[in-house]
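Everything below concerns the one structure shown next.
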Amino acid sequence: MNLCRRTIGFLLFSSLFQFQSLFIVPAVIAQTTNDDLRQRHAEGYCAMYEICGNRSDGKVLNCPYGSPAVKPDELLSSKIQSLCPTITGNVCCTEAQFDTLRAQVQQAIPFLVGCPACLRNFLNLFCELSCSPNQSLFINVTSVSKVKNNLTVDSIDFYITDAFGKGMYESCKDVKFGTMNTRALEFIGAGAKNFKEWFAFIGRQAGPNLPGSPYAIQFLPIAPESSGMKPMNVSTYSCGDVSLGCSCGDCPSSSVCSNTAPPPSLKGATCSVRIGSLKAKCVDLALAILYIVLVSMFFGWGLFHRTRKRSRSFRMKPFSSTADGGESHSINRQKAENLPMQRLEDANESSTIGVQLSIVQGYMSNFYRKYGLWVARNPTLVLSLSVGMILLLCLGLIRFKVETRPEKLWVGPGSKAAEEKQFFDSHLAPFYRIEQLILATIPDALHDKPPSIVTEENIKLLFEIQKKIDGIRANYSGSMISLTDICMKPMGQDCATQSVLQYFKMDPSFDADDRLEHVKYCFQHYTSADSCMSAFKAPLDPSTVLGGFSGSNYTEASAFIVTYPVNNALDKEGNDTQKAVAWEKAFIQLAKDELLPMVKSKNLTFSFSSESSIEEELKRESTADAITILISYLVMFAYISLTLGDTPRLSSFYISSKVLLGLSGVLLVMLSVLGSVGFFSAIGVKSTLIIMEVIPFLVLAVGVDNMCILVHAVKRQPLDLPLEGRISNALVEVGPSITLASLSEVLAFAVGSFIPMPACRVFSMFAALAVLLDFLLQVTAFVSLIVFDFLRAENRRVDCFPCIKVSSTHAESEKGIGGRKPGLLARYMKEVHAPILNLWGVKLVVVSVFVAFALVSIALSTRIEPGLEQKIVLPQDSYLQGYFNNVSEYLRIGPPLYFVVKNYNYSSESIDTNQLCSISQCNSDSLLNEIARASLTPESSHIAKPAASWLDDFLVWISPEAFGCCRKFTNGSYCPPDDQPPCCSANDVPCGLSEVCKDCTTCFRHSDLHNDRPSTAQFKEKLPWFLDALPSADCSKGGHGAYTSSVELKGYENGVIQASSFRTYHTPLNKQIDYVDSLRAARQFASRVSDSLKMEIFPYSVFYMFFEQYLDIWRTALINLAIAIGAVFIVCLVITCSLWSSAIILLVLAMIVVDLMGVMAILGIQLNAVSVVNLVMSVGIGVEFCVHITHAFTVSSGSKDERIKEALGTMGASVFSGITLTKLVGVLVLCFSRTEVFVVYYFQMYLALVLLGFLHGLVFLPVVLSMFGPPSRCVQIEKQEERPSVSSQP
């Protein structure tokens, strides 16, 4: 899951396989002085002819002879015609000169052969310069020098029209060099932006042993009139010329390409409206209008209702007490005879108040009445049986295991991205492991800009660090593992370490007069200068080893980035992987103990990471917050003990306190969690760190509510009843609402099991079962404990020490411990809180404010971004925190993107080849052309460059024009380029034409190919040659290293390549939304191209597996929330049989969820599986704030205002103290967590949930009920009537 950390290493292949750019050295070039040169500028005359010497580095030097052009023999003429078709008749070059020209241009041909028009223009430039019979008309030797007493050319003026220069540049400017995902001009033109820059680069005189011209060439557009000369103006070919057709990737301006429809925009347009200078989203404006309409209607209705009520009150004052609800009582009186009843007696009245219950509630009340009596009479049996069952479940803990692998935590087994990764890894090759260091300078306090890190002292420091890393020896099974044992070696010898030190061949004794000047030189000439070539024989792009610079200003870089690519393996438990892990642990330990102090002493910042760092830090996280979690439990336990007891009195607090009961309740919560974990462990489900740390707290917070409600309900019962009667009545009073709340919570948690992310799915499963077990323990074991505790208190036994009994010494104790006088909070709710809410103006304000916040939250929720920052899931003191910050700050490149093609049919009968490639004669809508076209709109496609194509390079490699690449000996075996063994030994510098390879010929002639495409047999035979061919100066298109793992050769003999990949890069991805959008764009692109080409193509990047879930996270969230709220609604409807009550609960729950999403947007909390689980849980937890008040309101009598006053008086205090404060004290402790995921997703979201639940449950809900609440279920029953038996009702 090392997403951000990998991206620097993602350009490894890019830098590994850039090969030395060899700029064309005209065959007719040399050095000398400028005396007595006799030149004749006329048709048929040469300016330079024959070779008069060699430089010290072996480059040939031409003679400054103004002799007439010479007629070549037939063999030389045919040779010249094959390379320079515009040169006919006499020529100004000897066979030796032409052979030198041919040997040198062959180094450039592989870069340009994919675009024939560009190649022809490029060759014409050097053919005219070298062999044109009219050479003297546009070449003027301006200086000469002596080499071994021979005059040689030192500098020339080359008169050439701007039209030719512009035409040549336009035909070549977009030609790709696929291996590097860059333009060919970066290699043969130093990235020239126009033809004048290109000419200036070509004409620069090269120093010894450096690529380039051995003499200076000044390109001039106009010749002096008196000289008789005229600029060279050979016709140029347009890259759009059909006869020399280039691909759309190499020539986007081609008419074929310009007629192709541009790729559709992948970003959805956002609707916005401008009002004056204010620009607002359409959804915001619509919600604002909706709010104005709703508030206007509400205030209008309120005014009408208020006026009407006052009028009726004036006319019917004697009957005002029955204005609310009385009518419904009389209407339903007959129906009440057939409904179950719950009777509440008043000793001072001649009648009783019966409560009409639904059938389900009736059965539940009847059950709880009988069950309460039975538990109160058999507490020991109930406690033993319930605890025994849980302990039985706990036996499953012997199979307890914790899952810490990121891919198993965050990626679902049915994930499309996981399947694609598996296919990529098994058919091609696993992405390599990354070990990385980042050294950066500290910003200057005055200029707030970090100074450059490119200094002599810092380079020396880097060598010291490298020496220590090279010295790491990690012990694995008795073997000592070093970096060279595990590192990636693309060329088979040296590690492909990405470091500035590669410009010194990783050698501290590298011979450089000035290290600083040398490295700055290499920043500009890394593709061309042999002295800048890396130790692993490939150029090194400065952007892969530097950070904190803009554009190409590498010297401004403020960070060194050192990357160690390490071989990866499919088997994560195999020896190769374990060796790498062992080395990585030693690497991290060295970085902490030695490298960090060393770098800090130089006033630099230092961060580091390894492939296994995140997994190791996740393991460490399991203990990082143990103390915080423990303190949270202790605080909640202390609060529970206080809130369960009576109002403290100095004389009896040791009797009335409930410390032992509270501790027992906490232990029951722990048992429910252990039982849940034990059950799932027994069936083979691994636990996660979130389960271990969060579920106990969560279940405790949920379970405490019911404990408080149960104890308070028992304490509200009349003391003159026996204990078993009080227990029975208390369960009848609160049992249905507790059952309703608990079932709703279980269902809400269970809905989370539909989330595809394993960590959150498993979390939801464990939590649902834990809450269910906790509920069962509360109505069994905890009720039994309540019985024991009240018996203890009535027997005046000391809390925590029940064996100690004290005598009664105070008169008040005769009334029983814990008098039944309402507490301060209950009196506040009934006498202050409820009357304020019953004020009509307050009601209007409350509804208006809450509706406003709900609508604002809907608007804000559209701004929530999907994702989960890696930094959040790690401990705040983790060394990876600084590393991720540095990666975000210094990153200048994006992750690699592979387009994987399945079942590519390369047979000559198939059209697949032309549907994939992007060189001449390929389809304009081919895969690679479409990728190149998409890279032109990176803001929507998130594709930064055209793709590196093994297929294009293979077709170029076998092309007869690339005569230095695909060659064969006379016996038909592979012949390497002339600058590779056995053609050239390592000591031969420079390499000449060797005896070993003098008879090598190109693999094919044009007549051997059909439309420049190989036959099935030719393709089959030469593909392995290409993949084994080493790239070099004479042929940079060799596929070894660059494409070794891009093609699966297994089974390819049948004419079908099962898997192959084409590599490009994403644009830099700095935010989580960028990763999500890039994945979505890549999939949409691949789907469109697959449908168009009728081929199976999919995109792959290492981060896709972890971000796939965010493509549909909104859909997942909304569906799960709808199911959760719907499940709660159905449970409420079934239990209460009241559509009205259920609808109000549904409304309040929906508003809590919407408001919570609004708070998420305000706090910048992202939408991911963790926050989706929290949103789903908010439905279950929010039920507790609603259902108890609603139930109390329903069973109260009187007007709606009186009923809400009674409901708040009886249940308001329990909801506030037992639900709100209990959760609040536990949540507040989490703000001290050292892991930010707790702070963001548990402290912030749970705190917001508790506050929103409190406000909606004790402010908004009472107002809504007082205005729109359902009728009362209470009916007046005469005293002489016998109480209906619940059991007798159907």
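Following the order of the structure tokens, chains are lettered A, B, ..., residues in each are numbered from 1, and ligands are numbered from 1.
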
If we count only C-alpha atoms, what is near segment 1223-1228 of chain A at a cut-off of 12 Å, once residues fewer than 6 positions away on the same chain are taken out, given as a compact mmCIF listing (two decimals) with all heavy atoms, in the first residue's frame?
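So the final result, stored in selection10.txt, reads:
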```txt
# COMPACT_ATOMS: atom_id res chain seq x y z
N THR A 628 -4.34 4.90 25.70
CA THR A 628 -5.48 5.78 25.43
C THR A 628 -6.79 5.02 25.53
O THR A 628 -7.76 5.51 26.15
CB THR A 628 -5.34 6.40 24.03
OG1 THR A 628 -4.08 7.06 23.93
CG2 THR A 628 -6.45 7.38 23.76
N ILE A 629 -6.84 3.85 24.91
CA ILE A 629 -8.06 3.04 24.96
C ILE A 629 -8.37 2.64 26.40
O ILE A 629 -9.53 2.70 26.85
CB ILE A 629 -7.90 1.79 24.07
CG1 ILE A 629 -7.62 2.20 22.62
CG2 ILE A 629 -9.13 0.92 24.14
CD1 ILE A 629 -8.72 2.97 21.97
N LEU A 630 -7.36 2.25 27.15
CA LEU A 630 -7.56 1.83 28.54
C LEU A 630 -8.11 2.99 29.37
O LEU A 630 -9.04 2.81 30.17
CB LEU A 630 -6.24 1.34 29.13
CG LEU A 630 -6.28 0.87 30.59
CD1 LEU A 630 -7.27 -0.28 30.75
CD2 LEU A 630 -4.89 0.47 31.08
N ILE A 631 -7.55 4.18 29.19
CA ILE A 631 -8.04 5.35 29.93
C ILE A 631 -9.49 5.63 29.56
O ILE A 631 -10.31 5.97 30.42
CB ILE A 631 -7.15 6.57 29.64
CG1 ILE A 631 -5.75 6.37 30.24
CG2 ILE A 631 -7.78 7.85 30.19
CD1 ILE A 631 -4.77 7.46 29.87
N SER A 632 -9.81 5.47 28.27
CA SER A 632 -11.19 5.69 27.84
C SER A 632 -12.13 4.75 28.56
O SER A 632 -13.19 5.15 29.04
CB SER A 632 -11.29 5.48 26.33
OG SER A 632 -12.61 5.60 25.89
N TYR A 633 -11.74 3.48 28.68
CA TYR A 633 -12.58 2.52 29.40
C TYR A 633 -12.72 2.89 30.87
O TYR A 633 -13.81 2.79 31.45
CB TYR A 633 -11.99 1.12 29.28
CG TYR A 633 -12.01 0.56 27.88
CD1 TYR A 633 -11.13 -0.44 27.49
CD2 TYR A 633 -12.91 1.04 26.93
CE1 TYR A 633 -11.13 -0.95 26.20
CE2 TYR A 633 -12.92 0.53 25.65
CZ TYR A 633 -12.04 -0.46 25.28
OH TYR A 633 -12.06 -0.96 24.02
N LEU A 634 -11.61 3.30 31.50
CA LEU A 634 -11.66 3.65 32.92
C LEU A 634 -12.55 4.86 33.15
O LEU A 634 -13.31 4.91 34.13
CB LEU A 634 -10.24 3.93 33.42
CG LEU A 634 -9.30 2.70 33.48
CD1 LEU A 634 -7.90 3.12 33.91
CD2 LEU A 634 -9.85 1.65 34.44
N VAL A 635 -12.47 5.86 32.26
CA VAL A 635 -13.31 7.05 32.40
C VAL A 635 -14.78 6.67 32.27
O VAL A 635 -15.64 7.11 33.06
CB VAL A 635 -12.92 8.11 31.35
CG1 VAL A 635 -13.95 9.24 31.32
CG2 VAL A 635 -11.54 8.67 31.65
N MET A 636 -15.08 5.83 31.28
CA MET A 636 -16.47 5.42 31.10
C MET A 636 -16.94 4.58 32.28
O MET A 636 -18.09 4.72 32.73
CB MET A 636 -16.61 4.64 29.79
CG MET A 636 -16.36 5.48 28.55
SD MET A 636 -16.55 4.56 27.03
CE MET A 636 -18.31 4.32 27.01
N PHE A 637 -16.07 3.74 32.79
CA PHE A 637 -16.43 2.93 33.94
C PHE A 637 -16.74 3.82 35.15
O PHE A 637 -17.73 3.60 35.87
CB PHE A 637 -15.29 1.97 34.26
CG PHE A 637 -15.34 1.39 35.65
CD1 PHE A 637 -16.37 0.55 36.03
CD2 PHE A 637 -14.37 1.71 36.59
CE1 PHE A 637 -16.43 0.03 37.31
CE2 PHE A 637 -14.41 1.20 37.86
CZ PHE A 637 -15.45 0.35 38.24
N ALA A 638 -15.90 4.83 35.37
CA ALA A 638 -16.12 5.75 36.49
C ALA A 638 -17.44 6.48 36.32
O ALA A 638 -18.22 6.64 37.28
CB ALA A 638 -14.95 6.73 36.60
N TYR A 639 -17.69 6.92 35.11
CA TYR A 639 -18.94 7.65 34.88
C TYR A 639 -20.14 6.74 35.08
O TYR A 639 -21.17 7.13 35.66
CB TYR A 639 -18.94 8.23 33.48
CG TYR A 639 -20.24 8.94 33.16
CD1 TYR A 639 -20.50 10.21 33.68
CD2 TYR A 639 -21.23 8.32 32.41
CE1 TYR A 639 -21.71 10.84 33.43
CE2 TYR A 639 -22.43 8.94 32.15
CZ TYR A 639 -22.66 10.20 32.66
OH TYR A 639 -23.85 10.82 32.42
N ILE A 640 -20.03 5.49 34.57
CA ILE A 640 -21.14 4.55 34.74
C ILE A 640 -21.45 4.35 36.22
O ILE A 640 -22.61 4.35 36.65
CB ILE A 640 -20.79 3.20 34.08
CG1 ILE A 640 -20.67 3.37 32.57
CG2 ILE A 640 -21.83 2.14 34.39
CD1 ILE A 640 -20.03 2.20 31.88
N VAL A 694 -11.32 -0.76 18.61
CA VAL A 694 -12.51 0.09 18.53
C VAL A 694 -13.76 -0.60 19.04
O VAL A 694 -14.56 0.00 19.75
CB VAL A 694 -12.72 0.57 17.08
CG1 VAL A 694 -13.97 1.41 16.98
CG2 VAL A 694 -11.51 1.35 16.61
N PRO A 696 -14.44 -2.88 21.39
CA PRO A 696 -14.73 -2.85 22.83
C PRO A 696 -15.24 -1.48 23.28
O PRO A 696 -16.23 -1.40 24.03
CB PRO A 696 -13.37 -3.16 23.47
CG PRO A 696 -12.65 -3.95 22.43
CD PRO A 696 -13.08 -3.37 21.12
N PHE A 697 -14.59 -0.44 22.79
CA PHE A 697 -15.06 0.91 23.13
C PHE A 697 -16.45 1.16 22.60
O PHE A 697 -17.32 1.70 23.28
CB PHE A 697 -14.08 1.94 22.56
CG PHE A 697 -14.67 3.31 22.42
CD1 PHE A 697 -14.81 4.13 23.52
CD2 PHE A 697 -15.10 3.76 21.19
CE1 PHE A 697 -15.37 5.38 23.39
CE2 PHE A 697 -15.65 5.01 21.05
CZ PHE A 697 -15.79 5.83 22.16
N LEU A 698 -16.68 0.76 21.34
CA LEU A 698 -17.97 1.00 20.71
C LEU A 698 -19.09 0.26 21.44
O LEU A 698 -20.14 0.84 21.75
CB LEU A 698 -17.90 0.56 19.25
CG LEU A 698 -19.19 0.69 18.45
CD1 LEU A 698 -19.55 2.15 18.30
CD2 LEU A 698 -19.04 0.03 17.09
N VAL A 699 -18.87 -1.01 21.72
CA VAL A 699 -19.91 -1.80 22.40
C VAL A 699 -20.13 -1.27 23.81
O VAL A 699 -21.26 -1.26 24.31
CB VAL A 699 -19.51 -3.29 22.41
CG1 VAL A 699 -20.54 -4.11 23.17
CG2 VAL A 699 -19.37 -3.80 20.99
N LEU A 700 -19.07 -0.83 24.45
CA LEU A 700 -19.22 -0.25 25.78
C LEU A 700 -20.08 1.01 25.72
O LEU A 700 -20.99 1.20 26.53
CB LEU A 700 -17.85 0.08 26.37
CG LEU A 700 -17.82 0.59 27.81
CD1 LEU A 700 -18.40 -0.46 28.75
CD2 LEU A 700 -16.40 0.94 28.23
N ALA A 701 -19.80 1.86 24.72
CA ALA A 701 -20.58 3.09 24.58
C ALA A 701 -22.04 2.78 24.28
O ALA A 701 -22.94 3.45 24.78
CB ALA A 701 -19.98 3.96 23.46
N VAL A 702 -22.28 1.77 23.45
CA VAL A 702 -23.65 1.39 23.11
C VAL A 702 -24.32 0.68 24.29
O VAL A 702 -25.46 0.96 24.65
CB VAL A 702 -23.66 0.49 21.86
CG1 VAL A 702 -25.05 -0.09 21.64
CG2 VAL A 702 -23.21 1.27 20.64
N GLY A 703 -23.58 -0.23 24.93
CA GLY A 703 -24.16 -1.03 26.01
C GLY A 703 -24.46 -0.26 27.26
O GLY A 703 -25.41 -0.57 27.99
N VAL A 704 -23.66 0.77 27.53
CA VAL A 704 -23.87 1.56 28.74
C VAL A 704 -25.24 2.21 28.74
O VAL A 704 -25.89 2.36 29.78
CB VAL A 704 -22.75 2.61 28.87
CG1 VAL A 704 -23.12 3.68 29.88
CG2 VAL A 704 -21.45 1.94 29.28
N ASP A 705 -25.70 2.61 27.56
CA ASP A 705 -27.01 3.28 27.47
C ASP A 705 -28.10 2.41 28.07
O ASP A 705 -28.91 2.86 28.90
CB ASP A 705 -27.35 3.59 26.01
CG ASP A 705 -26.19 4.26 25.29
OD1 ASP A 705 -25.36 4.87 25.98
OD2 ASP A 705 -26.13 4.20 24.06
N ILE A 1181 -26.78 4.05 16.26
CA ILE A 1181 -26.61 4.81 17.50
C ILE A 1181 -27.66 5.92 17.59
O ILE A 1181 -28.17 6.22 18.67
CB ILE A 1181 -25.18 5.39 17.56
CG1 ILE A 1181 -24.17 4.24 17.68
CG2 ILE A 1181 -25.02 6.35 18.73
CD1 ILE A 1181 -22.73 4.69 17.64
N GLY A 1182 -27.99 6.52 16.43
CA GLY A 1182 -28.99 7.59 16.44
C GLY A 1182 -30.35 7.12 16.88
O GLY A 1182 -31.15 7.89 17.41
N GLU A 1184 -31.07 5.33 19.37
CA GLU A 1184 -31.20 5.45 20.83
C GLU A 1184 -31.64 6.84 21.24
O GLU A 1184 -32.32 7.01 22.25
CB GLU A 1184 -29.88 5.10 21.49
CG GLU A 1184 -29.46 3.65 21.28
CD GLU A 1184 -28.29 3.27 22.17
OE1 GLU A 1184 -27.68 4.19 22.73
OE2 GLU A 1184 -28.04 2.07 22.31
N PHE A 1185 -31.24 7.84 20.49
CA PHE A 1185 -31.64 9.21 20.82
C PHE A 1185 -33.10 9.48 20.47
O PHE A 1185 -33.68 10.45 20.94
CB PHE A 1185 -30.75 10.22 20.07
CG PHE A 1185 -29.32 10.24 20.53
CD1 PHE A 1185 -28.34 9.54 19.86
CD2 PHE A 1185 -28.95 10.96 21.66
CE1 PHE A 1185 -27.02 9.55 20.27
CE2 PHE A 1185 -27.63 10.98 22.09
CZ PHE A 1185 -26.67 10.28 21.40
N VAL A 1215 -31.76 9.70 28.55
CA VAL A 1215 -31.12 9.89 27.25
C VAL A 1215 -29.90 10.80 27.40
O VAL A 1215 -28.85 10.56 26.80
CB VAL A 1215 -32.11 10.49 26.24
CG1 VAL A 1215 -31.39 10.94 24.97
CG2 VAL A 1215 -33.19 9.47 25.91
N PHE A 1216 -30.02 11.85 28.22
CA PHE A 1216 -28.90 12.78 28.36
C PHE A 1216 -27.75 12.16 29.15
O PHE A 1216 -26.60 12.18 28.73
CB PHE A 1216 -29.38 14.06 29.03
CG PHE A 1216 -28.29 15.10 29.15
CD1 PHE A 1216 -27.88 15.83 28.05
CD2 PHE A 1216 -27.66 15.32 30.37
CE1 PHE A 1216 -26.87 16.78 28.16
CE2 PHE A 1216 -26.66 16.27 30.49
CZ PHE A 1216 -26.27 17.00 29.38
N SER A 1217 -28.08 11.59 30.32
CA SER A 1217 -27.01 11.08 31.17
C SER A 1217 -26.55 9.70 30.74
O SER A 1217 -25.36 9.39 30.75
CB SER A 1217 -27.48 11.03 32.63
OG SER A 1217 -28.57 10.12 32.76
N PHE A 1238 -7.82 7.37 14.68
CA PHE A 1238 -8.71 7.45 15.84
C PHE A 1238 -9.20 8.89 16.03
O PHE A 1238 -10.37 9.12 16.31
CB PHE A 1238 -7.99 6.99 17.09
CG PHE A 1238 -7.93 5.50 17.24
CD1 PHE A 1238 -6.89 4.78 16.70
CD2 PHE A 1238 -8.93 4.81 17.89
CE1 PHE A 1238 -6.83 3.41 16.81
CE2 PHE A 1238 -8.89 3.45 18.02
CZ PHE A 1238 -7.83 2.73 17.48
N VAL A 1239 -8.30 9.83 15.88
CA VAL A 1239 -8.65 11.23 16.09
C VAL A 1239 -9.68 11.68 15.06
O VAL A 1239 -10.68 12.31 15.39
CB VAL A 1239 -7.40 12.12 16.02
CG1 VAL A 1239 -7.78 13.59 16.16
CG2 VAL A 1239 -6.41 11.74 17.11
N VAL A 1240 -9.45 11.34 13.78
CA VAL A 1240 -10.31 11.82 12.70
C VAL A 1240 -11.61 11.03 12.62
O VAL A 1240 -12.71 11.60 12.63
CB VAL A 1240 -9.56 11.76 11.36
CG1 VAL A 1240 -10.50 12.13 10.21
CG2 VAL A 1240 -8.37 12.71 11.38
N TYR A 1241 -11.48 9.70 12.55
CA TYR A 1241 -12.66 8.89 12.23
C TYR A 1241 -13.40 8.38 13.46
O TYR A 1241 -14.53 7.90 13.32
CB TYR A 1241 -12.25 7.71 11.34
CG TYR A 1241 -11.87 8.16 9.96
CD1 TYR A 1241 -10.54 8.35 9.61
CD2 TYR A 1241 -12.85 8.45 9.02
CE1 TYR A 1241 -10.19 8.79 8.35
CE2 TYR A 1241 -12.51 8.89 7.75
CZ TYR A 1241 -11.18 9.06 7.43
OH TYR A 1241 -10.84 9.50 6.18
N TYR A 1242 -12.80 8.48 14.64
CA TYR A 1242 -13.51 8.01 15.82
C TYR A 1242 -13.76 9.15 16.80
O TYR A 1242 -14.87 9.31 17.28
CB TYR A 1242 -12.76 6.84 16.46
CG TYR A 1242 -12.73 5.66 15.55
CD1 TYR A 1242 -11.59 5.31 14.85
CD2 TYR A 1242 -13.88 4.91 15.32
CE1 TYR A 1242 -11.58 4.24 13.96
CE2 TYR A 1242 -13.89 3.85 14.44
CZ TYR A 1242 -12.74 3.52 13.76
OH TYR A 1242 -12.75 2.48 12.88
N PHE A 1243 -12.76 9.97 17.05
CA PHE A 1243 -13.01 11.11 17.94
C PHE A 1243 -13.89 12.15 17.26
O PHE A 1243 -14.97 12.49 17.75
CB PHE A 1243 -11.69 11.74 18.39
CG PHE A 1243 -11.87 13.07 19.06
CD1 PHE A 1243 -12.54 13.18 20.27
CD2 PHE A 1243 -11.40 14.23 18.47
CE1 PHE A 1243 -12.72 14.41 20.88
CE2 PHE A 1243 -11.58 15.46 19.06
CZ PHE A 1243 -12.25 15.55 20.27
N GLN A 1244 -13.46 12.66 16.11
CA GLN A 1244 -14.19 13.74 15.46
C GLN A 1244 -15.57 13.29 15.00
O GLN A 1244 -16.57 13.97 15.26
CB GLN A 1244 -13.39 14.29 14.28
CG GLN A 1244 -12.11 15.02 14.68
CD GLN A 1244 -11.36 15.59 13.50
OE1 GLN A 1244 -11.81 15.51 12.34
NE2 GLN A 1244 -10.21 16.18 13.75
N MET A 1245 -15.64 12.15 14.32
CA MET A 1245 -16.94 11.71 13.81
C MET A 1245 -17.87 11.28 14.93
O MET A 1245 -19.07 11.59 14.91
CB MET A 1245 -16.76 10.56 12.81
CG MET A 1245 -16.25 11.00 11.45
SD MET A 1245 -16.44 9.74 10.16
CE MET A 1245 -18.23 9.77 9.90
N TYR A 1246 -17.36 10.57 15.94
CA TYR A 1246 -18.22 10.14 17.05
C TYR A 1246 -18.65 11.33 17.90
O TYR A 1246 -19.79 11.37 18.38
CB TYR A 1246 -17.50 9.11 17.91
CG TYR A 1246 -17.53 7.71 17.34
CD1 TYR A 1246 -17.79 7.50 15.99
CD2 TYR A 1246 -17.30 6.61 18.13
CE1 TYR A 1246 -17.80 6.23 15.45
CE2 TYR A 1246 -17.31 5.32 17.60
CZ TYR A 1246 -17.56 5.15 16.25
OH TYR A 1246 -17.59 3.89 15.73
N LEU A 1247 -17.76 12.28 18.11
CA LEU A 1247 -18.14 13.48 18.85
C LEU A 1247 -19.25 14.22 18.12
O LEU A 1247 -20.24 14.65 18.73
CB LEU A 1247 -16.92 14.38 19.04
CG LEU A 1247 -17.17 15.69 19.80
CD1 LEU A 1247 -17.66 15.41 21.22
CD2 LEU A 1247 -15.91 16.55 19.83
N ALA A 1248 -19.07 14.36 16.79
CA ALA A 1248 -20.12 15.02 16.00
C ALA A 1248 -21.42 14.23 16.07
O ALA A 1248 -22.51 14.81 16.21
CB ALA A 1248 -19.66 15.15 14.55
N LEU A 1249 -21.32 12.90 16.03
CA LEU A 1249 -22.52 12.06 16.10
C LEU A 1249 -23.22 12.22 17.44
O LEU A 1249 -24.46 12.35 17.49
CB LEU A 1249 -22.13 10.60 15.86
CG LEU A 1249 -23.24 9.55 16.07
CD1 LEU A 1249 -24.42 9.83 15.17
CD2 LEU A 1249 -22.70 8.15 15.84
N VAL A 1250 -22.46 12.22 18.51
CA VAL A 1250 -23.06 12.35 19.85
C VAL A 1250 -23.76 13.70 19.98
O VAL A 1250 -24.90 13.79 20.47
CB VAL A 1250 -21.99 12.17 20.94
CG1 VAL A 1250 -22.56 12.54 22.31
CG2 VAL A 1250 -21.48 10.73 20.95
N LEU A 1251 -23.09 14.77 19.56
CA LEU A 1251 -23.68 16.10 19.67
C LEU A 1251 -24.91 16.24 18.77
O LEU A 1251 -25.92 16.80 19.18
CB LEU A 1251 -22.64 17.16 19.32
CG LEU A 1251 -21.45 17.25 20.28
CD1 LEU A 1251 -20.46 18.32 19.81
CD2 LEU A 1251 -21.91 17.56 21.70
N LEU A 1252 -24.82 15.71 17.54
CA LEU A 1252 -25.97 15.78 16.64
C LEU A 1252 -27.12 14.92 17.17
O LEU A 1252 -28.29 15.33 17.11
CB LEU A 1252 -25.58 15.32 15.24
CG LEU A 1252 -24.66 16.26 14.45
CD1 LEU A 1252 -24.19 15.59 13.16
CD2 LEU A 1252 -25.39 17.56 14.12
N GLY A 1253 -26.78 13.73 17.69
CA GLY A 1253 -27.83 12.88 18.26
C GLY A 1253 -28.51 13.55 19.44
O GLY A 1253 -29.73 13.50 19.58
N PHE A 1254 -27.70 14.18 20.31
CA PHE A 1254 -28.25 14.90 21.46
C PHE A 1254 -29.18 16.03 21.01
O PHE A 1254 -30.30 16.17 21.51
CB PHE A 1254 -27.10 15.44 22.32
CG PHE A 1254 -27.49 16.57 23.21
CD1 PHE A 1254 -28.29 16.35 24.32
CD2 PHE A 1254 -27.08 17.86 22.94
CE1 PHE A 1254 -28.66 17.40 25.16
CE2 PHE A 1254 -27.44 18.91 23.77
CZ PHE A 1254 -28.24 18.68 24.87
```

- [ ] List every residue of segment 549-729 of chain A that DSSP, applied to the backbone, labels as strand (DSSP E or B), and write the result as a PyMOL selection string.
- [x] chain A and resi 559-566+604-609+687

Task: Shell of 6 Å around Cys394 of chain A, only C-alpha atoms, local chain residues under 4 positions omitted, as a list in words - done: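 Near Cys394 of chain A, the qualifying residues are Leu674, Gly675 and Gly678 of chain A.
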
TODO: Do a neighbour search on Cys251 of chain A at 8 Å with only C-alpha atoms, toss out local chain neighbours closer than 6 positions, and write the hits as a ChimeraX atom specification.
DONE: /A:171,174-175,239-240,257

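Between Pro736 of chain A and the residues A:Asn1054, A:Ser857, A:Thr161, A:Thr1190, the shortest atom-to-atom distance, using only C-alpha atoms, involves A:Thr1190.
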
- [ ] Show which residues sit within 7 Å of segment 919-923 of chain A, as a list in words. Count only C-alpha atoms, and ignore same-chain residues fewer than 3 positions away.
- [x] Gly114, Cys115, Gly245, Cys246, Ser247, Asn914, Gln915, Ser926 and Asp952 of chain A
